[in-house]
>>> print(open('final_15.txt').read())   # compact mmCIF, N, CA and C atoms
# COMPACT_ATOMS: atom_id res chain seq x y z
N MET A 1 2.18 20.73 16.27
CA MET A 1 2.71 20.51 14.94
C MET A 1 2.51 21.79 14.13
N ALA A 2 3.49 22.14 13.38
CA ALA A 2 3.41 23.33 12.54
C ALA A 2 2.44 23.09 11.39
N ASP A 3 1.99 24.20 10.78
CA ASP A 3 1.05 24.08 9.66
C ASP A 3 1.62 23.22 8.54
N ARG A 4 2.90 23.38 8.26
CA ARG A 4 3.53 22.59 7.19
C ARG A 4 3.51 21.11 7.55
N ASP A 5 3.73 20.80 8.82
CA ASP A 5 3.69 19.41 9.27
C ASP A 5 2.28 18.84 9.14
N ASP A 6 1.28 19.64 9.49
CA ASP A 6 -0.11 19.22 9.32
C ASP A 6 -0.42 18.94 7.85
N GLU A 7 0.07 19.81 6.99
CA GLU A 7 -0.14 19.64 5.56
C GLU A 7 0.54 18.35 5.07
N THR A 8 1.73 18.09 5.56
CA THR A 8 2.44 16.87 5.20
C THR A 8 1.67 15.64 5.65
N MET A 9 1.14 15.68 6.86
CA MET A 9 0.37 14.54 7.39
C MET A 9 -0.90 14.32 6.57
N ARG A 10 -1.57 15.39 6.19
CA ARG A 10 -2.77 15.25 5.35
C ARG A 10 -2.41 14.64 4.00
N ALA A 11 -1.30 15.09 3.43
CA ALA A 11 -0.86 14.56 2.14
C ALA A 11 -0.50 13.08 2.26
N LEU A 12 0.19 12.70 3.32
CA LEU A 12 0.53 11.29 3.53
C LEU A 12 -0.73 10.44 3.70
N ALA A 13 -1.68 10.94 4.47
CA ALA A 13 -2.94 10.19 4.66
C ALA A 13 -3.64 9.99 3.32
N HIS A 14 -3.62 11.00 2.48
CA HIS A 14 -4.26 10.89 1.16
C HIS A 14 -3.55 9.84 0.32
N VAL A 15 -2.24 9.88 0.29
CA VAL A 15 -1.49 8.93 -0.55
C VAL A 15 -1.62 7.51 0.00
N ILE A 16 -1.67 7.36 1.31
CA ILE A 16 -1.92 6.03 1.88
C ILE A 16 -3.26 5.50 1.36
N SER A 17 -4.26 6.34 1.33
CA SER A 17 -5.58 5.95 0.83
C SER A 17 -5.52 5.58 -0.65
N VAL A 18 -4.81 6.36 -1.43
CA VAL A 18 -4.68 6.10 -2.87
C VAL A 18 -3.98 4.77 -3.12
N VAL A 19 -2.88 4.53 -2.40
CA VAL A 19 -2.13 3.28 -2.60
C VAL A 19 -2.96 2.09 -2.10
N TYR A 20 -3.69 2.26 -1.02
CA TYR A 20 -4.55 1.18 -0.55
C TYR A 20 -5.62 0.86 -1.61
N SER A 21 -6.19 1.88 -2.21
CA SER A 21 -7.19 1.68 -3.27
C SER A 21 -6.57 0.94 -4.45
N LEU A 22 -5.34 1.27 -4.79
CA LEU A 22 -4.63 0.56 -5.86
C LEU A 22 -4.45 -0.91 -5.48
N LEU A 23 -4.08 -1.16 -4.23
CA LEU A 23 -3.93 -2.55 -3.76
C LEU A 23 -5.26 -3.30 -3.86
N VAL A 24 -6.35 -2.67 -3.48
CA VAL A 24 -7.67 -3.29 -3.59
C VAL A 24 -7.95 -3.69 -5.04
N ASP A 25 -7.67 -2.76 -5.96
CA ASP A 25 -7.90 -3.05 -7.38
C ASP A 25 -7.02 -4.20 -7.87
N VAL A 26 -5.74 -4.17 -7.50
CA VAL A 26 -4.82 -5.22 -7.91
C VAL A 26 -5.28 -6.56 -7.35
N CYS A 27 -5.67 -6.59 -6.10
CA CYS A 27 -6.10 -7.85 -5.49
C CYS A 27 -7.34 -8.42 -6.17
N GLN A 28 -8.20 -7.56 -6.71
CA GLN A 28 -9.36 -8.04 -7.46
C GLN A 28 -8.97 -8.59 -8.82
N MET A 29 -7.84 -8.15 -9.37
CA MET A 29 -7.37 -8.59 -10.69
C MET A 29 -6.57 -9.89 -10.62
N LEU A 30 -6.16 -10.29 -9.43
CA LEU A 30 -5.31 -11.48 -9.30
C LEU A 30 -6.00 -12.72 -9.86
N PRO A 31 -5.21 -13.71 -10.28
CA PRO A 31 -5.81 -14.96 -10.78
C PRO A 31 -6.80 -15.57 -9.79
N VAL A 32 -6.46 -15.51 -8.51
CA VAL A 32 -7.37 -15.91 -7.44
C VAL A 32 -7.62 -14.63 -6.63
N PRO A 33 -8.72 -13.92 -6.93
CA PRO A 33 -8.94 -12.61 -6.29
C PRO A 33 -8.92 -12.68 -4.76
N ILE A 34 -8.39 -11.61 -4.18
CA ILE A 34 -8.35 -11.45 -2.73
C ILE A 34 -9.21 -10.23 -2.41
N GLY A 35 -10.23 -10.44 -1.59
CA GLY A 35 -11.10 -9.34 -1.20
C GLY A 35 -10.52 -8.57 -0.02
N LEU A 36 -10.49 -7.26 -0.15
CA LEU A 36 -10.03 -6.38 0.93
C LEU A 36 -11.16 -5.43 1.30
N PRO A 37 -11.21 -4.95 2.54
CA PRO A 37 -12.25 -3.99 2.93
C PRO A 37 -12.20 -2.76 2.02
N THR A 38 -13.36 -2.30 1.59
CA THR A 38 -13.40 -1.16 0.67
C THR A 38 -14.28 -0.02 1.16
N ASP A 39 -14.59 0.03 2.44
CA ASP A 39 -15.37 1.15 2.97
C ASP A 39 -14.66 2.46 2.70
N ARG A 40 -15.43 3.52 2.61
CA ARG A 40 -14.85 4.84 2.30
C ARG A 40 -13.78 5.23 3.31
N SER A 41 -14.03 5.04 4.58
CA SER A 41 -13.05 5.36 5.63
C SER A 41 -12.68 4.07 6.35
N ILE A 42 -11.60 3.48 5.93
CA ILE A 42 -11.18 2.22 6.54
C ILE A 42 -10.17 2.54 7.62
N PRO A 43 -10.48 2.19 8.87
CA PRO A 43 -9.49 2.44 9.92
C PRO A 43 -8.29 1.51 9.75
N ALA A 44 -7.14 1.98 10.17
CA ALA A 44 -5.92 1.18 10.06
C ALA A 44 -6.07 -0.16 10.76
N THR A 45 -6.90 -0.20 11.81
CA THR A 45 -7.10 -1.47 12.53
C THR A 45 -7.73 -2.53 11.64
N ASP A 46 -8.46 -2.13 10.60
CA ASP A 46 -9.03 -3.07 9.63
C ASP A 46 -8.12 -3.25 8.42
N ALA A 47 -7.51 -2.17 7.97
CA ALA A 47 -6.69 -2.22 6.76
C ALA A 47 -5.41 -3.02 6.97
N VAL A 48 -4.75 -2.83 8.08
CA VAL A 48 -3.45 -3.49 8.31
C VAL A 48 -3.57 -5.02 8.25
N PRO A 49 -4.52 -5.64 8.97
CA PRO A 49 -4.62 -7.10 8.85
C PRO A 49 -4.96 -7.56 7.43
N ALA A 50 -5.75 -6.78 6.72
CA ALA A 50 -6.10 -7.14 5.34
C ALA A 50 -4.88 -7.07 4.43
N ILE A 51 -4.05 -6.06 4.62
CA ILE A 51 -2.83 -5.91 3.83
C ILE A 51 -1.87 -7.06 4.16
N GLU A 52 -1.75 -7.37 5.44
CA GLU A 52 -0.89 -8.50 5.85
C GLU A 52 -1.38 -9.81 5.23
N ARG A 53 -2.68 -9.99 5.19
CA ARG A 53 -3.27 -11.20 4.59
C ARG A 53 -2.96 -11.27 3.11
N ALA A 54 -3.08 -10.16 2.41
CA ALA A 54 -2.78 -10.13 0.97
C ALA A 54 -1.32 -10.50 0.73
N ALA A 55 -0.42 -9.99 1.56
CA ALA A 55 1.00 -10.34 1.41
C ALA A 55 1.23 -11.83 1.66
N ALA A 56 0.57 -12.37 2.66
CA ALA A 56 0.73 -13.79 2.99
C ALA A 56 0.17 -14.69 1.88
N LEU A 57 -0.89 -14.26 1.21
CA LEU A 57 -1.52 -15.07 0.17
C LEU A 57 -0.82 -14.95 -1.19
N ALA A 58 0.13 -14.05 -1.30
CA ALA A 58 0.82 -13.85 -2.59
C ALA A 58 1.45 -15.14 -3.09
N LYS A 59 2.01 -15.91 -2.19
CA LYS A 59 2.70 -17.15 -2.58
C LYS A 59 1.74 -18.19 -3.15
N ASP A 60 0.46 -18.06 -2.85
CA ASP A 60 -0.54 -19.02 -3.33
C ASP A 60 -1.13 -18.65 -4.69
N GLN A 61 -0.72 -17.51 -5.23
CA GLN A 61 -1.24 -17.06 -6.52
C GLN A 61 -0.53 -17.78 -7.66
N PRO A 62 -1.28 -18.22 -8.67
CA PRO A 62 -0.65 -18.87 -9.82
C PRO A 62 -0.07 -17.83 -10.79
N MET A 63 1.07 -17.27 -10.39
CA MET A 63 1.78 -16.30 -11.21
C MET A 63 3.26 -16.42 -10.91
N GLY A 64 4.09 -15.75 -11.67
CA GLY A 64 5.53 -15.86 -11.53
C GLY A 64 6.07 -15.26 -10.24
N GLU A 65 7.34 -15.57 -9.99
CA GLU A 65 8.02 -15.05 -8.79
C GLU A 65 8.10 -13.53 -8.80
N THR A 66 8.32 -12.96 -9.97
CA THR A 66 8.41 -11.49 -10.06
C THR A 66 7.10 -10.85 -9.63
N GLN A 67 5.99 -11.40 -10.12
CA GLN A 67 4.68 -10.83 -9.79
C GLN A 67 4.35 -11.06 -8.32
N GLU A 68 4.71 -12.23 -7.81
CA GLU A 68 4.51 -12.49 -6.38
C GLU A 68 5.29 -11.47 -5.55
N ALA A 69 6.54 -11.24 -5.95
CA ALA A 69 7.37 -10.26 -5.23
C ALA A 69 6.78 -8.86 -5.32
N GLN A 70 6.23 -8.50 -6.47
CA GLN A 70 5.63 -7.16 -6.62
C GLN A 70 4.47 -6.98 -5.66
N LEU A 71 3.65 -8.01 -5.49
CA LEU A 71 2.54 -7.93 -4.55
C LEU A 71 3.05 -7.81 -3.12
N VAL A 72 4.01 -8.64 -2.76
CA VAL A 72 4.56 -8.60 -1.40
C VAL A 72 5.23 -7.26 -1.13
N VAL A 73 6.04 -6.78 -2.08
CA VAL A 73 6.73 -5.50 -1.91
C VAL A 73 5.72 -4.37 -1.75
N GLY A 74 4.68 -4.38 -2.58
CA GLY A 74 3.65 -3.34 -2.45
C GLY A 74 3.00 -3.35 -1.08
N CYS A 75 2.68 -4.55 -0.60
CA CYS A 75 2.05 -4.67 0.72
C CYS A 75 2.99 -4.24 1.84
N ILE A 76 4.21 -4.71 1.81
CA ILE A 76 5.16 -4.43 2.88
C ILE A 76 5.49 -2.94 2.96
N HIS A 77 5.69 -2.32 1.80
CA HIS A 77 5.98 -0.88 1.82
C HIS A 77 4.76 -0.06 2.28
N LEU A 78 3.57 -0.51 1.91
CA LEU A 78 2.37 0.18 2.39
C LEU A 78 2.25 0.03 3.90
N LEU A 79 2.50 -1.15 4.42
CA LEU A 79 2.46 -1.36 5.87
C LEU A 79 3.50 -0.50 6.59
N ALA A 80 4.69 -0.43 6.02
CA ALA A 80 5.75 0.40 6.62
C ALA A 80 5.32 1.88 6.64
N ALA A 81 4.71 2.33 5.56
CA ALA A 81 4.25 3.72 5.49
C ALA A 81 3.18 4.00 6.54
N ILE A 82 2.28 3.05 6.73
CA ILE A 82 1.23 3.22 7.75
C ILE A 82 1.85 3.28 9.14
N ASP A 83 2.82 2.43 9.41
CA ASP A 83 3.52 2.46 10.71
C ASP A 83 4.23 3.79 10.92
N LEU A 84 4.93 4.25 9.89
CA LEU A 84 5.64 5.53 10.00
C LEU A 84 4.67 6.70 10.16
N TYR A 85 3.55 6.62 9.49
CA TYR A 85 2.52 7.66 9.64
C TYR A 85 2.04 7.71 11.10
N ALA A 86 1.80 6.53 11.68
CA ALA A 86 1.35 6.48 13.08
C ALA A 86 2.41 7.06 14.01
N LEU A 87 3.66 6.76 13.74
CA LEU A 87 4.74 7.34 14.56
C LEU A 87 4.78 8.85 14.41
N CYS A 88 4.59 9.33 13.18
CA CYS A 88 4.56 10.79 12.96
C CYS A 88 3.39 11.44 13.68
N ALA A 89 2.27 10.76 13.70
CA ALA A 89 1.09 11.31 14.38
C ALA A 89 1.35 11.44 15.87
N ALA A 90 2.10 10.49 16.43
CA ALA A 90 2.42 10.53 17.86
C ALA A 90 3.52 11.54 18.16
N ARG A 91 4.52 11.58 17.29
CA ARG A 91 5.65 12.50 17.47
C ARG A 91 6.25 12.77 16.11
N TYR A 92 5.90 13.91 15.56
CA TYR A 92 6.29 14.24 14.19
C TYR A 92 7.80 14.43 14.08
N LYS A 93 8.35 13.78 13.08
CA LYS A 93 9.76 13.97 12.70
C LYS A 93 9.79 14.02 11.18
N PRO A 94 10.44 15.02 10.61
CA PRO A 94 10.50 15.12 9.14
C PRO A 94 11.09 13.87 8.48
N THR A 95 12.06 13.25 9.10
CA THR A 95 12.66 12.05 8.50
C THR A 95 11.66 10.90 8.44
N ARG A 96 10.80 10.79 9.43
CA ARG A 96 9.76 9.76 9.41
C ARG A 96 8.76 10.03 8.29
N ALA A 97 8.38 11.28 8.16
CA ALA A 97 7.44 11.65 7.09
C ALA A 97 8.06 11.37 5.72
N ASP A 98 9.34 11.70 5.57
CA ASP A 98 10.03 11.42 4.31
C ASP A 98 10.07 9.92 4.04
N ALA A 99 10.37 9.14 5.07
CA ALA A 99 10.44 7.69 4.92
C ALA A 99 9.06 7.12 4.57
N ALA A 100 8.01 7.65 5.16
CA ALA A 100 6.66 7.21 4.82
C ALA A 100 6.38 7.49 3.34
N GLY A 101 6.75 8.68 2.90
CA GLY A 101 6.55 9.04 1.50
C GLY A 101 7.32 8.14 0.54
N LEU A 102 8.55 7.83 0.89
CA LEU A 102 9.35 6.94 0.04
C LEU A 102 8.78 5.53 0.01
N ASN A 103 8.32 5.04 1.15
CA ASN A 103 7.69 3.72 1.18
C ASN A 103 6.44 3.70 0.32
N LEU A 104 5.67 4.77 0.35
CA LEU A 104 4.47 4.84 -0.48
C LEU A 104 4.82 4.86 -1.96
N ALA A 105 5.89 5.56 -2.32
CA ALA A 105 6.32 5.59 -3.72
C ALA A 105 6.73 4.19 -4.18
N HIS A 106 7.47 3.47 -3.34
CA HIS A 106 7.88 2.11 -3.69
C HIS A 106 6.66 1.19 -3.81
N ALA A 107 5.73 1.30 -2.87
CA ALA A 107 4.53 0.47 -2.91
C ALA A 107 3.73 0.74 -4.18
N GLU A 108 3.53 2.01 -4.49
CA GLU A 108 2.75 2.37 -5.67
C GLU A 108 3.41 1.87 -6.95
N GLU A 109 4.71 2.04 -7.07
CA GLU A 109 5.42 1.59 -8.27
C GLU A 109 5.29 0.08 -8.45
N SER A 110 5.48 -0.67 -7.39
CA SER A 110 5.41 -2.12 -7.45
C SER A 110 3.99 -2.57 -7.83
N LEU A 111 3.00 -1.97 -7.21
CA LEU A 111 1.61 -2.35 -7.50
C LEU A 111 1.18 -1.94 -8.91
N LYS A 112 1.67 -0.81 -9.40
CA LYS A 112 1.35 -0.40 -10.77
C LYS A 112 1.96 -1.36 -11.79
N ARG A 113 3.17 -1.81 -11.53
CA ARG A 113 3.80 -2.78 -12.43
C ARG A 113 3.01 -4.09 -12.44
N LEU A 114 2.60 -4.53 -11.26
CA LEU A 114 1.80 -5.75 -11.18
C LEU A 114 0.46 -5.56 -11.87
N SER A 115 -0.16 -4.43 -11.68
CA SER A 115 -1.45 -4.14 -12.31
C SER A 115 -1.32 -4.19 -13.83
N ALA A 116 -0.26 -3.62 -14.36
CA ALA A 116 -0.04 -3.64 -15.81
C ALA A 116 0.12 -5.08 -16.30
N TRP A 117 0.90 -5.88 -15.59
CA TRP A 117 1.10 -7.28 -15.97
C TRP A 117 -0.22 -8.04 -15.93
N LEU A 118 -1.00 -7.81 -14.88
CA LEU A 118 -2.29 -8.51 -14.75
C LEU A 118 -3.25 -8.10 -15.87
N ALA A 119 -3.22 -6.82 -16.26
CA ALA A 119 -4.09 -6.35 -17.33
C ALA A 119 -3.71 -7.01 -18.65
N ILE A 120 -2.42 -7.16 -18.89
CA ILE A 120 -1.95 -7.84 -20.12
C ILE A 120 -2.40 -9.29 -20.10
N GLN A 121 -2.26 -9.95 -18.94
CA GLN A 121 -2.67 -11.34 -18.84
C GLN A 121 -4.17 -11.51 -19.07
N ALA A 122 -4.94 -10.57 -18.60
CA ALA A 122 -6.40 -10.64 -18.77
C ALA A 122 -6.78 -10.47 -20.23
N GLY A 123 -5.94 -9.78 -20.99
CA GLY A 123 -6.23 -9.56 -22.41
C GLY A 123 -5.89 -10.74 -23.29
N ASP A 124 -5.10 -11.68 -22.76
CA ASP A 124 -4.70 -12.86 -23.56
C ASP A 124 -5.83 -13.84 -23.74
>>> encode(input="final_15.txt", output="C-alpha cells")
Amino acid sequence: MADRDDETMRALAHVISVVYSLLVDVCQMLPVPIGLPTDRSIPATDAVPAIERAAALAKDQPMGETQEAQLVVGCIHLLAAIDLYALCAARYKPTRADAAGLNLAHAEESLKRLSAWLAIQAGD
C-alpha cells in the first residue's frame, strides 16, 4: 500500500473510532439506555455485535419514528464503514475507502441529529 493509502486507512480508523464513541454517548442518552463496550481499543469482533444490537433495540425505544430511524441509520452506516474498512485492509481500493468515508459521514450526521434531539428532551 502506498503512503497515501496508509494515511487514508489511519484516518478512516480514527473516524470509525470517533463515530463509535458518538454512538456510545447517544446510546447512553436514550430513554432506555443501551450499554456498549467502551474499552480504549475495542476490536471489531466486539464492536460489530454491539452496534448490531443497538440497531435491533432501536424499535424498543420510547421515541418517535424519526429518532428510531436516526439510530438505525447511524448504526447501519457505521457497520458498512467497518466492513468497507476491512475490505480495504485486505485489498485497498480508493473507491472502497471513499465509500467508507461517506458511510461514516452519514452515520455521524444521523447520530448527531439524534443526540441533539435527546439533549433537548432531557432538558424538558
>>> residues_around(input="final_15.txt", residues="region 18-20 of chain A", least_positions_apart="3", cutoff="8 Å", atoms="only C-alpha atoms", output="list in words")
His14, Val15, Leu23, Val24, Leu78, Leu104, Ala107 and Glu108 of chain A
>>> residues_around(input="final_15.txt", residues="Leu57 (chain A)", least_positions_apart="6", cutoff="10 Å", atoms="only C-alpha atoms", output="CSV table (one decimal) with N, CA and C atoms, keeping the file's coordinate frame")
chain,number,residue,atom,x,y,z
A,32,VAL,N,-6.5,-15.5,-8.5
A,32,VAL,CA,-7.4,-15.9,-7.4
A,32,VAL,C,-7.6,-14.6,-6.6
A,34,ILE,N,-8.4,-11.6,-4.2
A,34,ILE,CA,-8.4,-11.4,-2.7
A,34,ILE,C,-9.2,-10.2,-2.4
A,51,ILE,N,-4.0,-6.1,4.6
A,51,ILE,CA,-2.8,-5.9,3.8
A,51,ILE,C,-1.9,-7.1,4.2
A,68,GLU,N,4.7,-12.2,-7.8
A,68,GLU,CA,4.5,-12.5,-6.4
A,68,GLU,C,5.3,-11.5,-5.6
A,71,LEU,N,3.6,-8.0,-5.5
A,71,LEU,CA,2.5,-7.9,-4.6
A,71,LEU,C,3.0,-7.8,-3.1
A,72,VAL,N,4.0,-8.6,-2.8
A,72,VAL,CA,4.6,-8.6,-1.4
A,72,VAL,C,5.2,-7.3,-1.1
>>> atom_distance(input="final_15.txt", atom1="atom N of Thr8 (chain A)", atom2="atom C of Ala80 (chain A)")
16.6 Å
>>> closest_residue(input="final_15.txt", among="A:Ala100, A:Leu30, A:Ile16, A:Leu22", to="Pro62 (chain A)", atoms="all atoms listed in the file")
A:Leu30
>>> residues_near_point(input="final_15.txt", point="(5.3, -5.6, -13.0)", cutoff="10 Å", atoms="only C-alpha atoms", output="PDB file with N, CA and C atoms, in the frame of the given file")
ATOM      1  N   THR A  66       8.320 -12.960  -9.970  1.00  0.00           N
ATOM      2  CA  THR A  66       8.410 -11.490 -10.060  1.00  0.00           C
ATOM      3  C   THR A  66       7.100 -10.850  -9.630  1.00  0.00           C
ATOM      4  N   GLN A  67       5.990 -11.400 -10.120  1.00  0.00           N
ATOM      5  CA  GLN A  67       4.680 -10.830  -9.790  1.00  0.00           C
ATOM      6  C   GLN A  67       4.350 -11.060  -8.320  1.00  0.00           C
ATOM      7  N   GLU A  68       4.710 -12.230  -7.810  1.00  0.00           N
ATOM      8  CA  GLU A  68       4.510 -12.490  -6.380  1.00  0.00           C
ATOM      9  C   GLU A  68       5.290 -11.470  -5.550  1.00  0.00           C
ATOM     10  N   ALA A  69       6.540 -11.240  -5.950  1.00  0.00           N
ATOM     11  CA  ALA A  69       7.370 -10.260  -5.230  1.00  0.00           C
ATOM     12  C   ALA A  69       6.780  -8.860  -5.320  1.00  0.00           C
ATOM     13  N   GLN A  70       6.230  -8.500  -6.470  1.00  0.00           N
ATOM     14  CA  GLN A  70       5.630  -7.160  -6.620  1.00  0.00           C
ATOM     15  C   GLN A  70       4.470  -6.980  -5.660  1.00  0.00           C
ATOM     16  N   LEU A  71       3.650  -8.010  -5.490  1.00  0.00           N
ATOM     17  CA  LEU A  71       2.540  -7.930  -4.550  1.00  0.00           C
ATOM     18  C   LEU A  71       3.050  -7.810  -3.120  1.00  0.00           C
ATOM     19  N   GLU A 109       4.710   2.040  -7.070  1.00  0.00           N
ATOM     20  CA  GLU A 109       5.420   1.590  -8.270  1.00  0.00           C
ATOM     21  C   GLU A 109       5.290   0.080  -8.450  1.00  0.00           C
ATOM     22  N   SER A 110       5.480  -0.670  -7.390  1.00  0.00           N
ATOM     23  CA  SER A 110       5.410  -2.120  -7.450  1.00  0.00           C
ATOM     24  C   SER A 110       3.990  -2.570  -7.830  1.00  0.00           C
ATOM     25  N   LEU A 111       3.000  -1.970  -7.210  1.00  0.00           N
ATOM     26  CA  LEU A 111       1.610  -2.350  -7.500  1.00  0.00           C
ATOM     27  C   LEU A 111       1.180  -1.940  -8.910  1.00  0.00           C
ATOM     28  N   LYS A 112       1.670  -0.810  -9.400  1.00  0.00           N
ATOM     29  CA  LYS A 112       1.350  -0.400 -10.770  1.00  0.00           C
ATOM     30  C   LYS A 112       1.960  -1.360 -11.790  1.00  0.00           C
ATOM     31  N   ARG A 113       3.170  -1.810 -11.530  1.00  0.00           N
ATOM     32  CA  ARG A 113       3.800  -2.780 -12.430  1.00  0.00           C
ATOM     33  C   ARG A 113       3.010  -4.090 -12.440  1.00  0.00           C
ATOM     34  N   LEU A 114       2.600  -4.530 -11.260  1.00  0.00           N
ATOM     35  CA  LEU A 114       1.800  -5.750 -11.180  1.00  0.00           C
ATOM     36  C   LEU A 114       0.460  -5.560 -11.870  1.00  0.00           C
ATOM     37  N   SER A 115      -0.160  -4.430 -11.680  1.00  0.00           N
ATOM     38  CA  SER A 115      -1.450  -4.140 -12.310  1.00  0.00           C
ATOM     39  C   SER A 115      -1.320  -4.190 -13.830  1.00  0.00           C
ATOM     40  N   ALA A 116      -0.260  -3.620 -14.360  1.00  0.00           N
ATOM     41  CA  ALA A 116      -0.040  -3.640 -15.810  1.00  0.00           C
ATOM     42  C   ALA A 116       0.120  -5.080 -16.300  1.00  0.00           C
ATOM     43  N   TRP A 117       0.900  -5.880 -15.590  1.00  0.00           N
ATOM     44  CA  TRP A 117       1.100  -7.280 -15.970  1.00  0.00           C
ATOM     45  C   TRP A 117      -0.220  -8.040 -15.930  1.00  0.00           C
ATOM     46  N   LEU A 118      -1.000  -7.810 -14.880  1.00  0.00           N
ATOM     47  CA  LEU A 118      -2.290  -8.510 -14.750  1.00  0.00           C
ATOM     48  C   LEU A 118      -3.250  -8.100 -15.870  1.00  0.00           C
TER      49      LEU A 118
END
>>> atom_distance(input="final_15.txt", atom1="CA of Val73 (chain A)", atom2="CA of Ala58 (chain A)")
10.3 Å
>>> closest_residue(input="final_15.txt", among="A:Ile120, A:Ala89, A:Ala105, A:Met29", to="Asp6 (chain A)", atoms="only C-alpha atoms")
A:Ala89
>>> select_by_dssp(input="final_15.txt", residues="region 27-119 of chain A", states="helix (DSSP H, G or I)", output="ChimeraX atom specification")
/A:27-29,44-60,65-90,94-119
>>> atom_distance(input="final_15.txt", atom1="atom N of Cys75 (chain A)", atom2="CA of Asp5 (chain A)")
25.9 Å
>>> closest_residue(input="final_15.txt", among="A:Asp39, A:Asp83, A:Ala99, A:Ile76", to="Ala56 (chain A)", atoms="only C-alpha atoms")
A:Ile76
